[in-house]
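The structure file protein35.txt is reproduced below (compact mmCIF, C-alpha atoms and all ligand atoms).
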```txt
# COMPACT_ATOMS: atom_id res chain seq x y z
CA MET A 1 39.65 2.07 -35.66
CA SER A 2 40.91 5.54 -36.40
CA ARG A 3 41.46 7.94 -33.53
CA PHE A 4 41.08 10.85 -35.96
CA GLU A 5 37.97 12.85 -36.56
CA ILE A 6 37.51 15.60 -39.16
CA ILE A 7 36.44 18.81 -37.44
CA GLN A 8 36.55 21.08 -40.46
CA ASP A 9 36.84 20.27 -44.15
CA GLY A 10 39.27 22.10 -46.37
CA LYS A 11 41.22 21.51 -49.55
CA GLN A 12 42.40 18.13 -50.79
CA ASN A 13 46.00 19.00 -49.83
CA GLY A 14 45.04 19.79 -46.23
CA ASP A 15 44.78 23.58 -46.50
CA GLY A 16 42.20 24.75 -43.97
CA VAL A 17 41.51 21.25 -42.67
CA ILE A 18 41.11 20.76 -38.90
CA LEU A 19 41.39 17.24 -37.45
CA ARG A 20 41.17 15.93 -33.94
CA TYR A 21 43.26 13.02 -32.73
CA ARG A 22 42.32 11.43 -29.39
CA THR A 23 45.16 9.59 -27.61
CA ARG A 24 44.70 6.34 -25.67
CA ASN A 25 44.72 8.46 -22.50
CA GLU A 26 41.96 10.55 -24.04
CA THR A 27 43.94 13.71 -24.56
CA ASP A 28 42.68 15.61 -27.59
CA ILE A 29 45.13 16.93 -30.14
CA TYR A 30 43.82 19.39 -32.70
CA CYS A 31 45.61 19.38 -36.01
CA LEU A 32 45.42 22.64 -37.97
CA GLY A 33 46.30 22.61 -41.68
CA VAL A 34 47.55 26.18 -42.07
CA PRO A 35 47.91 26.97 -45.80
CA LEU A 36 51.27 27.98 -47.30
CA ASN A 37 51.73 31.24 -49.18
CA TYR A 38 53.28 29.53 -52.15
CA SER A 39 52.34 26.57 -54.18
CA SER A 40 55.21 24.58 -55.57
CA GLY A 41 53.18 22.72 -58.15
CA GLU A 42 51.63 19.32 -57.70
CA ASP A 43 54.79 17.22 -57.59
CA TRP A 44 56.66 19.19 -54.96
CA ASP A 45 53.54 20.43 -53.15
CA LEU A 46 54.11 20.21 -49.43
CA GLY A 47 50.45 20.77 -48.71
CA ALA A 48 49.54 22.67 -45.56
CA SER A 49 51.95 23.42 -42.73
CA TRP A 50 50.53 21.54 -39.74
CA SER A 51 50.24 23.12 -36.32
CA TYR A 52 49.08 21.06 -33.36
CA VAL A 53 47.24 22.05 -30.21
CA ILE A 54 47.51 19.55 -27.36
CA ALA A 55 44.59 20.04 -25.02
CA GLY A 56 46.31 18.60 -21.94
CA ASN A 57 46.45 20.15 -18.47
CA GLU A 58 48.15 23.08 -20.10
CA LEU A 59 47.48 24.09 -23.67
CA THR A 60 50.53 23.31 -25.79
CA LEU A 61 51.02 24.50 -29.36
CA ILE A 62 53.48 22.78 -31.67
CA ASP A 63 54.58 24.95 -34.62
CA THR A 64 53.00 28.20 -35.61
CA GLY A 65 52.34 28.04 -39.36
CA GLN A 66 53.92 30.03 -42.15
CA PHE A 67 54.79 33.71 -41.77
CA ASN A 68 52.15 36.32 -42.63
CA LYS A 69 49.41 33.84 -41.75
CA TYR A 70 48.57 34.94 -38.24
CA ASP A 71 44.92 35.77 -38.98
CA VAL A 72 44.37 32.46 -40.77
CA PHE A 73 46.11 30.61 -37.96
CA ASN A 74 44.09 32.37 -35.28
CA SER A 75 40.78 31.80 -37.01
CA MET A 76 41.56 28.08 -37.24
CA LEU A 77 42.49 28.05 -33.57
CA VAL A 78 39.15 29.66 -32.69
CA LYS A 79 37.29 27.17 -34.91
CA ALA A 80 38.99 24.39 -32.97
CA GLY A 81 37.58 25.95 -29.79
CA PHE A 82 40.62 27.74 -28.33
CA ASN A 83 41.63 31.23 -27.37
CA ILE A 84 45.20 32.22 -28.14
CA LYS A 85 45.53 33.74 -24.67
CA ASN A 86 45.19 30.28 -23.14
CA ILE A 87 48.23 28.78 -24.87
CA ALA A 88 50.71 28.12 -22.06
CA ARG A 89 53.55 26.60 -24.04
CA VAL A 90 54.82 26.75 -27.61
CA ILE A 91 57.16 24.12 -29.02
CA VAL A 92 58.96 24.87 -32.29
CA THR A 93 60.14 21.91 -34.36
CA HIS A 94 62.75 23.98 -36.24
CA GLY A 95 63.46 27.50 -37.40
CA HIS A 96 62.04 27.54 -40.91
CA GLU A 97 59.56 30.11 -42.14
CA ASP A 98 56.79 27.61 -42.77
CA HIS A 99 56.92 26.29 -39.17
CA ASP A 100 57.75 29.19 -36.84
CA GLY A 101 56.15 31.85 -39.03
CA ASN A 102 53.74 33.55 -36.66
CA LEU A 103 55.73 32.93 -33.51
CA PRO A 104 56.35 36.62 -32.66
CA GLU A 105 52.61 37.40 -32.85
CA ILE A 106 51.60 34.23 -31.01
CA SER A 107 54.19 34.72 -28.27
CA GLU A 108 53.03 38.24 -27.74
CA ALA A 109 49.33 37.41 -27.70
CA SER A 110 49.70 34.37 -25.43
CA GLY A 111 52.74 35.09 -23.26
CA ALA A 112 53.48 31.37 -23.62
CA GLY A 113 56.83 29.78 -22.70
CA LEU A 114 58.91 28.74 -25.68
CA TRP A 115 60.60 25.36 -26.06
CA ALA A 116 63.03 24.90 -28.93
CA HIS A 117 66.30 23.21 -29.78
CA PHE A 118 69.17 25.03 -28.06
CA ALA A 119 70.63 25.99 -31.45
CA TYR A 120 67.40 27.74 -32.44
CA GLN A 121 68.45 30.96 -30.71
CA ASN A 122 71.57 31.02 -32.89
CA MET A 123 69.65 30.32 -36.06
CA ILE A 124 67.23 33.23 -35.68
CA ALA A 125 69.96 35.82 -34.95
CA TYR A 126 71.87 38.00 -37.43
CA TYR A 127 75.62 37.84 -38.08
CA PRO A 128 76.39 40.76 -40.39
CA ASP A 129 80.05 40.76 -39.30
CA ILE A 130 80.78 37.15 -40.13
CA VAL A 131 82.15 36.95 -43.65
CA ASP A 132 82.27 33.30 -44.57
CA GLY A 133 80.95 32.90 -48.08
CA ALA A 134 77.28 32.68 -47.12
CA ARG A 135 75.03 33.30 -50.10
CA ARG A 136 72.86 35.63 -47.99
CA PRO A 137 75.06 37.01 -45.18
CA GLU A 138 72.46 39.70 -44.53
CA PHE A 139 69.86 37.09 -43.52
CA PRO A 140 69.58 35.39 -40.10
CA GLY A 141 71.36 32.08 -39.40
CA SER A 142 68.53 29.88 -40.65
CA CYS A 143 68.45 31.67 -44.01
CA ARG A 144 72.08 32.51 -44.78
CA CYS A 145 72.24 29.66 -47.29
CA CYS A 146 68.81 30.32 -48.82
CA MET A 147 68.68 29.26 -52.45
CA MET A 148 65.36 30.88 -53.23
CA PRO A 149 65.18 33.67 -55.81
CA ASP A 150 65.02 37.37 -54.77
CA ASP A 151 61.34 37.87 -55.51
CA PHE A 152 60.57 34.97 -53.17
CA ASN A 153 62.66 35.78 -50.16
CA ARG A 154 62.00 39.52 -50.18
CA ASN A 155 58.69 38.62 -48.53
CA CYS A 156 60.41 36.99 -45.55
CA ILE A 157 62.35 40.01 -44.37
CA SER A 158 59.93 41.52 -41.87
CA TYR A 159 59.22 38.09 -40.38
CA GLN A 160 62.94 37.45 -39.95
CA VAL A 161 63.46 40.76 -38.16
CA LYS A 162 60.51 40.21 -35.79
CA ARG A 163 61.65 36.67 -35.11
CA SER A 164 65.19 37.74 -34.21
CA HIS A 165 63.83 39.42 -31.05
CA ILE A 166 62.39 36.19 -29.66
CA ARG A 167 64.03 34.63 -26.61
CA ILE A 168 63.74 30.88 -25.96
CA SER A 169 62.64 30.50 -22.35
CA ASN A 170 63.42 26.76 -22.40
CA PRO A 171 66.27 25.76 -24.68
CA VAL A 172 66.00 22.01 -25.21
CA ARG A 173 69.02 19.79 -24.70
CA SER A 174 68.88 16.04 -24.93
CA ASN A 175 67.63 15.55 -21.40
CA THR A 176 65.17 18.45 -21.14
CA ALA A 177 61.41 18.05 -21.00
CA PRO A 178 58.58 20.08 -19.54
CA PRO A 179 58.31 19.09 -15.87
CA GLY A 180 55.56 16.72 -14.80
CA SER A 181 54.27 16.29 -18.28
CA ASP A 182 53.91 13.58 -20.87
CA PHE A 183 56.52 15.04 -23.19
CA ARG A 184 59.92 13.93 -24.29
CA PHE A 185 62.14 15.61 -26.86
CA ILE A 186 64.50 14.02 -29.35
CA LEU A 187 67.09 16.27 -30.98
CA THR A 188 67.11 15.37 -34.67
CA PRO A 189 69.48 17.68 -36.58
CA GLY A 190 69.95 17.19 -40.30
CA HIS A 191 67.11 18.90 -42.08
CA SER A 192 68.25 21.91 -40.06
CA PRO A 193 70.71 22.08 -37.16
CA ASP A 194 67.89 23.02 -34.79
CA SER A 195 65.39 20.29 -35.71
CA MET A 196 63.79 18.36 -32.90
CA CYS A 197 60.93 15.93 -32.48
CA THR A 198 58.47 15.81 -29.61
CA VAL A 199 57.08 12.54 -28.30
CA PHE A 200 53.80 12.78 -26.41
CA GLN A 201 52.56 10.04 -24.07
CA ASP A 202 54.86 7.65 -25.95
CA GLU A 203 52.13 7.44 -28.54
CA VAL A 204 52.43 10.47 -30.79
CA VAL A 205 55.51 11.88 -32.53
CA PHE A 206 55.48 15.49 -33.73
CA SER A 207 58.23 15.56 -36.30
CA GLY A 208 58.26 18.91 -38.12
CA ASP A 209 60.09 18.27 -41.39
CA THR A 210 62.26 15.46 -40.02
CA LEU A 211 59.68 12.80 -40.81
CA LEU A 212 57.14 13.61 -43.47
CA ALA A 213 54.39 11.44 -44.84
CA THR A 214 54.82 10.38 -48.50
CA ILE A 215 57.72 12.75 -49.27
CA THR A 216 61.13 13.57 -47.93
CA PRO A 217 61.86 16.76 -49.75
CA HIS A 218 64.62 18.28 -47.65
CA PRO A 219 67.68 16.04 -47.61
CA SER A 220 69.68 19.18 -46.81
CA LEU A 221 73.24 20.13 -47.42
CA MET A 222 76.24 19.28 -45.33
CA LEU A 223 78.13 22.11 -47.03
CA GLU A 224 75.93 24.60 -45.24
CA TYR A 225 77.77 23.61 -42.10
CA LEU A 226 81.01 24.90 -43.54
CA VAL A 227 79.33 28.25 -44.03
CA ASN A 228 77.44 28.37 -40.77
CA ARG A 229 79.71 26.68 -38.25
CA ARG A 230 80.75 30.00 -36.72
CA ILE A 231 77.20 30.93 -35.88
CA LEU A 232 76.36 27.62 -34.18
CA PRO A 233 76.74 27.12 -30.41
CA ASP A 234 80.31 26.26 -29.40
CA SER A 235 81.36 22.72 -30.26
CA TYR A 236 78.03 21.97 -31.90
CA GLY A 237 77.97 20.56 -35.39
CA ALA A 238 81.44 19.09 -35.73
CA ASP A 239 81.74 15.67 -37.39
CA ASN A 240 78.87 16.54 -39.73
CA ASN A 241 76.35 16.05 -36.97
CA ALA A 242 74.28 19.20 -37.46
CA TYR A 243 73.76 19.52 -41.21
CA GLY A 244 73.28 17.27 -44.13
CA LEU A 245 72.14 13.84 -45.13
CA LEU A 246 74.56 11.98 -42.87
CA ALA A 247 73.31 13.88 -39.81
CA TYR A 248 69.75 13.47 -41.03
CA ILE A 249 70.00 9.70 -41.45
CA THR A 250 71.63 9.48 -38.02
CA SER A 251 68.62 11.32 -36.62
CA LEU A 252 66.22 9.02 -38.44
CA HIS A 253 67.98 6.10 -36.86
CA LYS A 254 67.55 7.72 -33.46
CA LEU A 255 63.81 7.86 -34.14
CA VAL A 256 63.73 4.20 -35.17
CA ARG A 257 65.30 3.32 -31.83
CA GLU A 258 63.58 5.78 -29.55
CA CYS A 259 60.07 5.79 -30.97
CA ALA A 260 59.61 2.07 -31.49
CA ASN A 261 56.35 2.03 -29.53
CA ALA A 262 54.86 5.25 -30.86
CA GLU A 263 51.64 4.75 -32.77
CA ILE A 264 51.13 7.81 -34.87
CA LEU A 265 53.15 10.39 -36.77
CA LEU A 266 51.96 13.99 -36.72
CA PRO A 267 54.27 15.57 -39.30
CA GLY A 268 54.90 19.14 -40.47
CA HIS A 269 53.41 18.48 -43.90
CA ARG A 270 51.07 16.03 -45.64
CA LEU A 271 49.20 14.74 -42.62
CA PHE A 272 46.27 15.14 -44.96
CA GLU A 273 46.64 14.55 -48.67
CA LYS A 274 44.35 13.83 -51.63
CA GLY A 275 41.39 14.17 -49.32
CA GLY A 276 42.54 11.55 -46.79
CA ILE A 277 44.56 11.25 -43.59
CA ASN A 278 48.03 9.67 -43.75
CA GLN A 279 48.19 7.46 -40.67
CA LEU A 280 51.78 6.32 -40.25
CA LYS A 281 53.86 4.72 -37.53
CA PRO A 282 56.88 6.94 -36.84
CA ALA A 283 59.58 4.27 -36.55
CA ALA A 284 58.43 2.45 -39.68
CA ARG A 285 58.32 5.70 -41.63
CA ALA A 286 61.83 6.63 -40.44
CA GLU A 287 63.15 3.29 -41.61
CA GLU A 288 61.42 3.65 -44.95
CA ILE A 289 63.09 7.02 -45.51
CA ILE A 290 66.51 5.59 -44.66
CA ARG A 291 65.95 2.91 -47.31
CA PHE A 292 64.81 5.54 -49.79
CA HIS A 293 68.10 7.41 -49.41
CA GLN A 294 70.06 4.20 -49.78
CA GLU A 295 68.26 3.57 -53.07
CA ARG A 296 68.98 7.13 -54.24
CA CYS A 297 72.70 6.59 -53.56
CA GLU A 298 72.56 3.37 -55.53
CA ASN A 299 70.80 5.03 -58.46
CA ILE A 300 73.18 7.97 -58.54
CA LEU A 301 76.21 5.68 -58.65
CA LYS A 302 74.53 3.63 -61.38
CA ILE A 303 73.92 6.78 -63.43
CA MET A 304 77.53 7.87 -63.01
CA GLY A 305 79.09 4.57 -63.93
CA ASN A 306 82.70 5.49 -64.62
CA LYS A 307 81.89 8.87 -66.16
CA GLN A 308 82.75 12.16 -64.55
CA MET A 309 79.46 14.02 -64.08
CA GLY A 310 78.17 17.39 -62.89
CA LEU A 311 75.23 18.07 -60.62
CA GLU A 312 72.90 19.09 -63.42
CA GLU A 313 73.80 16.11 -65.60
CA ILE A 314 73.00 13.68 -62.79
CA SER A 315 69.82 15.53 -61.99
CA VAL A 316 68.67 15.26 -65.62
CA GLU A 317 69.14 11.50 -65.52
CA LEU A 318 67.53 11.07 -62.12
CA PHE A 319 64.43 13.23 -62.44
CA PRO A 320 61.91 13.56 -65.29
CA LEU A 321 61.63 17.06 -66.80
CA ARG A 322 58.46 17.99 -64.91
CA LEU A 323 60.29 17.52 -61.59
CA ARG A 324 63.06 19.86 -62.68
CA GLN A 325 60.87 22.86 -63.49
CA GLY A 326 60.02 25.85 -61.30
CA MET A 327 60.76 25.03 -57.66
CA GLY A 328 61.80 21.59 -58.84
CA LYS A 329 64.94 23.06 -60.38
CA PHE A 330 66.34 23.84 -56.92
CA MET A 331 64.81 20.88 -55.16
CA SER A 332 66.12 18.28 -57.60
CA ARG A 333 69.69 19.66 -57.59
CA ARG A 334 69.65 19.93 -53.83
CA GLU A 335 68.59 16.33 -53.53
CA VAL A 336 71.39 15.15 -55.82
CA MET A 337 73.93 17.30 -53.97
CA SER A 338 73.04 15.96 -50.55
CA HIS A 339 73.50 12.37 -51.74
CA LEU A 340 76.80 13.23 -53.40
CA GLU A 341 77.98 14.63 -50.08
CA LEU A 342 77.13 11.42 -48.32
CA LEU A 343 78.81 9.34 -51.03
CA ASN A 344 81.85 11.56 -50.70
CA VAL A 345 82.04 10.88 -46.96
CA THR A 346 81.70 7.14 -47.48
CA GLY A 347 84.45 7.35 -50.11
CA ASP A 348 82.32 6.28 -53.07
CA ILE A 349 82.79 9.44 -55.08
CA GLU A 350 85.53 12.04 -55.46
CA TRP A 351 85.44 15.65 -56.48
CA PRO A 352 88.56 15.85 -58.64
CA ASP A 353 88.38 19.57 -59.45
CA GLY A 354 87.48 20.52 -55.90
CA LYS A 355 85.14 23.36 -56.70
CA ASN A 356 82.27 22.59 -59.00
CA PHE A 357 81.29 19.21 -57.64
CA ILE A 358 82.04 17.42 -60.84
CA SER A 359 81.92 13.93 -59.40
CA ARG A 360 83.67 10.72 -60.21
CA ALA A 361 82.78 7.35 -58.70
CA THR A 362 85.60 5.45 -57.01
CA GLY A 363 83.90 2.13 -57.61
CA THR A 364 83.86 1.12 -53.96
CA GLY A 365 80.17 0.91 -52.93
CA LYS A 366 80.99 1.52 -49.27
CA TYR A 367 77.69 3.32 -48.77
CA LYS A 368 76.14 -0.16 -48.57
CA GLU A 369 78.09 -0.93 -45.41
CA PHE A 370 77.10 2.43 -44.02
CA PHE A 371 73.38 1.78 -44.54
CA ALA A 372 73.61 -1.86 -43.48
CA GLY A 373 75.26 -0.67 -40.28
CA ILE A 374 72.52 1.85 -39.67
CA LEU A 375 69.68 -0.53 -40.33
CA ALA A 376 71.18 -3.38 -38.32
CA LYS A 377 72.96 -1.88 -35.33
CA PRO A 378 71.45 -0.47 -32.19
CA SER A 379 73.79 2.51 -32.32
CA ILE A 380 74.88 4.39 -35.38
CA THR A 381 77.93 6.08 -33.96
CA ASP A 382 80.33 3.25 -34.72
CA ALA A 383 78.81 2.42 -38.06
CA ALA A 384 79.09 5.98 -39.32
CA LYS A 385 82.76 6.35 -38.56
CA LYS A 386 85.16 4.54 -40.77
CA PRO A 387 88.89 4.95 -41.10
CA GLY A 388 89.56 8.05 -43.13
CA ASP A 389 86.34 9.79 -42.14
CA LYS A 390 86.77 13.23 -40.74
ZN ZN B 401 58.45 22.62 -43.90
```

Write the structure described by the file as structure tokens, please.
Ligand SMILES: [Zn+2]
Amino acid sequence: MSRFEIIQDGKQNGDGVILRYRTRNETDIYCLGVPLNYSSGEDWDLGASWSYVIAGNELTLIDTGQFNKYDVFNSMLVKAGFNIKNIARVIVTHGHEDHDGNLPEISEASGAGLWAHFAYQNMIAYYPDIVDGARRPEFPGSCRCCMMPDDFNRNCISYQVKRSHIRISNPVRSNTAPPGSDFRFILTPGHSPDSMCTVFQDEVVFSGDTLLATITPHPSLMLEYLVNRRILPDSYGADNNAYGLLAYITSLHKLVRECANAEILLPGHRLFEKGGINQLKPAARAEEIIRFHQERCENILKIMGNKQMGLEEISVELFPLRLRQGMGKFMSRREVMSHLELLNVTGDIEWPDGKNFISRATGTGKYKEFFAGILAKPSITDAAKKPGDK
């Protein structure tokens, strides 16, 4: 029997949809499908950005929709039966524009306390004096490596400025949780250095972009760490544990271990898709994504054979043309790059010319041990570190 009920209909991709999930302890969670400003075409469509209102003793909001959507967000909140002034606590899953978009407005209207990963404060600040090869040094930490074209990210500027004034009242470290409540946080860097998941009543996992239903579109880039390490909190992010696919898979493994009993995933995107609700178990979904990335590594090595290949060449072989158009052009290259980074760490590819990521396979297939270790062992730390790893 489903614990979900549709409160308001909307589009097939979840835009405008409001759902209610009732936990075993009979706490109601309202799921708001806040539409995105952009559509990335059917194949890469993320659907709505999901915000969640937990109607517990105190009203808790998880994620605040995409920027410039405050009115839409607020009208959905009212439809669900809430007044913004009554929100006592806001939890942000990570500092990306489609998840913390209306946070300045919501914080101001509600006066709510803010819970976020301790690195979030660093990611929303500006570092105009740090010259480190960032593609967008004029943008805040979270956006200094933005790959989007000018006409796209011009729209973000006023949101970024407003957001930079926010103070986290409750920076989350591994052992922090709201007192006397049913919450527990799991820090899950990888998609971004400040990603975290929230477990509620050991039943529900709010995952932001760390676990998505039916897609995993943000494998992320380890190389961004090299650019951004100086803006991160001291000693955070070394050993590739803040950025990139290796960090991300480590975080997925953490979820497999620490959310084994959780029943339902409430993700940042695609809770609702093609007119139906995706009801997934968090640990199983995390494991599935790990296996997906293993398969990608396998396919990329197969494509390369013993040829030396560039990013674009691999991408052409891996993705059909329709997935490489529009937004897909960036997304597909990014996905290839993140897997090449992982294969480079495991020693399965080399970058002979150092700069342009022309890759050559070493013929070792060590990534298999890496994944086998992750999927078999209770702790990843030993499995991830092999002789020669940095
Ligand atoms: Zn997102």

Practice item. Could you tell me which of A:Ile106, A:Ile290, A:Ala283, A:Leu46 comes closest to ligand ZN 401 (chain B) if we count all atoms listed in the file? Key: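 Closest candidate: A:Leu46.
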
Go through chain A and flag each residue having an atom no more than 10 Å from ligand ZN 401 (chain B); for those, report the closest pair of atoms plus their distance in Å to one decimal, using all atoms listed in the file, ordered by chain and rising number, as CSV.
```
residue,atom,partner,partner_atom,distance
A:Leu36,CA,B:ZN401,ZN,9.6
A:Leu46,CA,B:ZN401,ZN,7.4
A:Gly47,CA,B:ZN401,ZN,9.5
A:Ala48,CA,B:ZN401,ZN,9.1
A:Ser49,CA,B:ZN401,ZN,6.7
A:Trp50,CA,B:ZN401,ZN,9.0
A:Gly65,CA,B:ZN401,ZN,9.3
A:Gln66,CA,B:ZN401,ZN,8.9
A:Thr93,CA,B:ZN401,ZN,9.7
A:His94,CA,B:ZN401,ZN,8.9
A:Gly95,CA,B:ZN401,ZN,9.5
A:His96,CA,B:ZN401,ZN,6.8
A:Glu97,CA,B:ZN401,ZN,7.8
A:Asp98,CA,B:ZN401,ZN,5.4
A:His99,CA,B:ZN401,ZN,6.2
A:Asp100,CA,B:ZN401,ZN,9.7
A:His191,CA,B:ZN401,ZN,9.6
A:Gly208,CA,B:ZN401,ZN,6.9
A:Asp209,CA,B:ZN401,ZN,5.3
A:Thr210,CA,B:ZN401,ZN,9.0
A:Leu212,CA,B:ZN401,ZN,9.1
A:Pro217,CA,B:ZN401,ZN,9.0
A:His218,CA,B:ZN401,ZN,8.4
A:Pro267,CA,B:ZN401,ZN,9.4
A:Gly268,CA,B:ZN401,ZN,6.0
A:His269,CA,B:ZN401,ZN,6.5
```

Check your understanding: Can you tell me, as a list of chain:residue names, what residues are no more than 12 Å from Glu287 of chain A when counting all atoms listed in the file, ignoring any on the same chain fewer than 2 positions away?
Key -> A:Leu211, A:Ile249, A:Thr250, A:Ser251, A:Leu252, A:His253, A:Lys254, A:Leu255, A:Val256, A:Arg257, A:Cys259, A:Ala260, A:Leu280, A:Lys281, A:Pro282, A:Ala283, A:Ala284, A:Arg285, A:Ile289, A:Ile290, A:Arg291, A:Phe292, A:His293, A:Gln294, A:Phe371, A:Ala372, A:Ile374, A:Leu375, A:Ala376

Practice item. With a distance cut-off of 10 Å and only C-alpha atoms, select the neighbouring residues of Asn175 of chain A, excluding the residue or stretch itself and same-chain residues fewer than 3 positions from it, and output the selection as a ChimeraX atom specification. Key: /A:172,184-187

Would you write out those residues with C-alpha atoms, as a compact mmCIF listing (two decimals), in the frame of the given file?
```txt
# COMPACT_ATOMS: atom_id res chain seq x y z
CA VAL A 172 66.00 22.01 -25.21
CA ARG A 184 59.92 13.93 -24.29
CA PHE A 185 62.14 15.61 -26.86
CA ILE A 186 64.50 14.02 -29.35
CA LEU A 187 67.09 16.27 -30.98
```

Practice item. Measuring atom to atom with only C-alpha atoms, identify which of A:Leu232, A:Ile62, A:Leu77, A:Ala177 is nearest to Met123 of chain A. Key: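 Looking only at the distances to Met123 of chain A, the closest residue turns out to be A:Leu232.
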
Check your understanding: Hey, which of A:Tyr38, A:Asn86, A:Val131, A:Ser164 ends up closest to Gly326 of chain A? Count all atoms listed in the file.
Key -> A:Tyr38

Exercise for review: Rank A:Pro137, A:Arg163, A:Asp150, A:Asn68 by their smallest atom-to-atom distance to Glu108 of chain A, using only C-alpha atoms, and report the top residue only.
Suggested key: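 Of the candidates, the smallest distance to Glu108 of chain A is held by A:Arg163.
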
Check your understanding: By how many Å are atom CA of Asn155 of chain A and atom CA of Arg136 of chain A apart?
Key ->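 We find that atom CA of Asn155 of chain A and atom CA of Arg136 of chain A lie 14.5 Å from each other.
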
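The residue that comes closest to Asp28 of chain A, out of A:Gln8, A:Asn13, A:Thr64, A:Gln201 and on the basis of all atoms listed in the file, is A:Gln201.
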
Point to revise | d(atom CA of Cys145 of chain A, atom CA of Pro320 of chain A) in Å | key: 26.3 Å

Review point. So, counting all atoms listed in the file, which residue among A:Arg167, A:Met76, A:Tyr225, A:Glu58 is closest to Gly141 of chain A?
Key: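 Residue with the minimum atom-to-atom distance to Gly141 of chain A: A:Tyr225.
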
Practice item. List every protein, DNA or RNA residue that has at least one atom no more than 6 Å from (60.4, 28.5, -29.7) in the file's coordinates, counting all atoms listed in the file, and write the result as a ChimeraX atom specification. Key: /A:91-92,114-116,168

Practice item. For atom CA of Arg24 of chain A and atom CA of Thr176 of chain A, quote the distance in Å rounded to one decimal. Key: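 Taking atom CA of Arg24 of chain A as the start and atom CA of Thr176 of chain A as the end point, the length is 24.2 Å.
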